[in-house]
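**Student:** Take this structure, written in structure tokens, and hold onto it; I'll ask about it next.
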Amino acid sequence: MKRKTLSILALICLAMGIPLWSGCGGPEVAPVTGQIKLEGEPIPGALVAFYPLDAGPGRRVISAVTDEEGRFQLTFRRSGDGAPPGRYAVTAVWREPQEDGDEVLRTGPNMLPARYAAPETSGLTVTISSGANDLEPFELTEEP
């Protein structure tokens with residue numbers, strides 16, 4: 001009976017277009033929290049993205065938006081669950097807020113140096129390990 005239940009679950013996931021690793025089981029994830037600063041000041045509303053440098057199942061870009069103190073918490077499957085252990089290149093983009101009626105959208109120009117927007121040029125890397133990962137703040141600078 002257990003095998004039949006697992007087979008049905010796998011078929012449901014595939015029929016819904018959900019990869020088997022994204023909520024129907026999958027790789028181990030570890031909680032990841034951190035902070036982004038520019039010249040020592042927290043960056044609120046920045047998009048932080050972690051690009052996997054190791055190959056393997058479940059390896060995809062994982063992102064978060066920083067809070068008012070520049071802090072973030074990564075989400076892989078469920079809110080705040082983290083990321084699979086491994087090495088990552090990290091990027092950060094901080095868009096100028098644009099008003100659209102009652103909404104404030106972050107669609108304006110990037111207010112960070114362009115090098116931080118690409119994993120190849122950001123110079124930011126981190127290794128996520130099993131267990132809780134409270135990362136040292138990423139200290140960005142205006143200088144090249």
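Ordered as shown in the structure tokens, chains take letters A, B, and onward, while each chain numbers its residues from 1 and ligands are numbered from 1 in the order shown.
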Just the residues within 7 Å of Ser63 of chain A, please, counting only C-alpha atoms, with nothing from its chain fewer than 6 positions along; format it as a PyMOL selection string.

**Tutor:** chain A and resi 47-50+74

**Student:** Can those selected residues be exported to a file as a PDB file, in the first residue's frame so that it contains N, CA and C atoms?

**Tutor:**
ATOM      1  N   LEU A  47      16.755  43.016  -3.639  1.00  0.00           N
ATOM      2  CA  LEU A  47      16.572  41.625  -4.060  1.00  0.00           C
ATOM      3  C   LEU A  47      17.927  40.934  -3.976  1.00  0.00           C
ATOM      4  N   VAL A  48      18.006  39.891  -3.166  1.00  0.00           N
ATOM      5  CA  VAL A  48      19.228  39.118  -2.989  1.00  0.00           C
ATOM      6  C   VAL A  48      18.993  37.756  -3.636  1.00  0.00           C
ATOM      7  N   ALA A  49      19.926  37.306  -4.482  1.00  0.00           N
ATOM      8  CA  ALA A  49      19.773  36.019  -5.161  1.00  0.00           C
ATOM      9  C   ALA A  49      21.016  35.162  -4.944  1.00  0.00           C
ATOM     10  N   PHE A  50      20.792  33.881  -4.675  1.00  0.00           N
ATOM     11  CA  PHE A  50      21.857  32.904  -4.468  1.00  0.00           C
ATOM     12  C   PHE A  50      21.868  31.956  -5.667  1.00  0.00           C
ATOM     13  N   LEU A  74      16.101  33.187   3.301  1.00  0.00           N
ATOM     14  CA  LEU A  74      15.873  32.478   2.039  1.00  0.00           C
ATOM     15  C   LEU A  74      14.720  31.491   2.137  1.00  0.00           C
TER      16      LEU A  74
END

**Student:** Show which residues sit within 8 Å of segment 94-108 of chain A, as a ChimeraX atom specification. Count only C-alpha atoms, and ignore same-chain residues fewer than 5 positions away.

**Tutor:** /A:43,45-47

**Student:** So that I can check the surroundings of Val61 of chain A, please list as a list in words every protein, DNA and RNA residue that reaches within 12 Å of it, counting only C-alpha atoms and ignoring chain neighbours fewer than 4 positions away.

**Tutor:**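 Near neighbours after the sequence-gap exclusion: Val48, Ala49, Phe50, Tyr51, Pro52, Leu53, Asp54, Leu74, Thr75, Phe76, Gly82, Ala83, Pro84, Arg87, Tyr88, Ala89, Val90, Thr91 and Pro119 of chain A.
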
**Student:** Could you check which of A:Glu39, A:Leu135, A:Glu68, A:Pro144 is closest to Thr121 of chain A, using only C-alpha atoms?

**Tutor:**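 Nearest candidate to Thr121 of chain A out of A:Glu39, A:Leu135, A:Glu68, A:Pro144: A:Pro144.
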
**Student:** In Å, rounded to a single decimal, give me how far atom CA of Lys37 of chain A is from atom CA of Arg60 of chain A.

**Tutor:**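 A separation of 24.5 Å between them.
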
**Student:** Which residues, written as a PDB file with C-alpha atoms, in the first residue's frame, have at least one atom at most 7 Å from Leu38 of chain A, with only C-alpha atoms counted and residues fewer than 4 positions away on the same chain left out?

**Tutor:**
ATOM      1  CA  PRO A  42      21.374  48.435   5.726  1.00  0.00           C
ATOM      2  CA  ILE A  43      19.673  48.200   2.341  1.00  0.00           C
ATOM      3  CA  GLU A 139      29.273  44.585   3.031  1.00  0.00           C
ATOM      4  CA  LEU A 140      28.895  46.242  -0.384  1.00  0.00           C
ATOM      5  CA  THR A 141      30.930  49.269  -1.416  1.00  0.00           C
TER       6      THR A 141
END
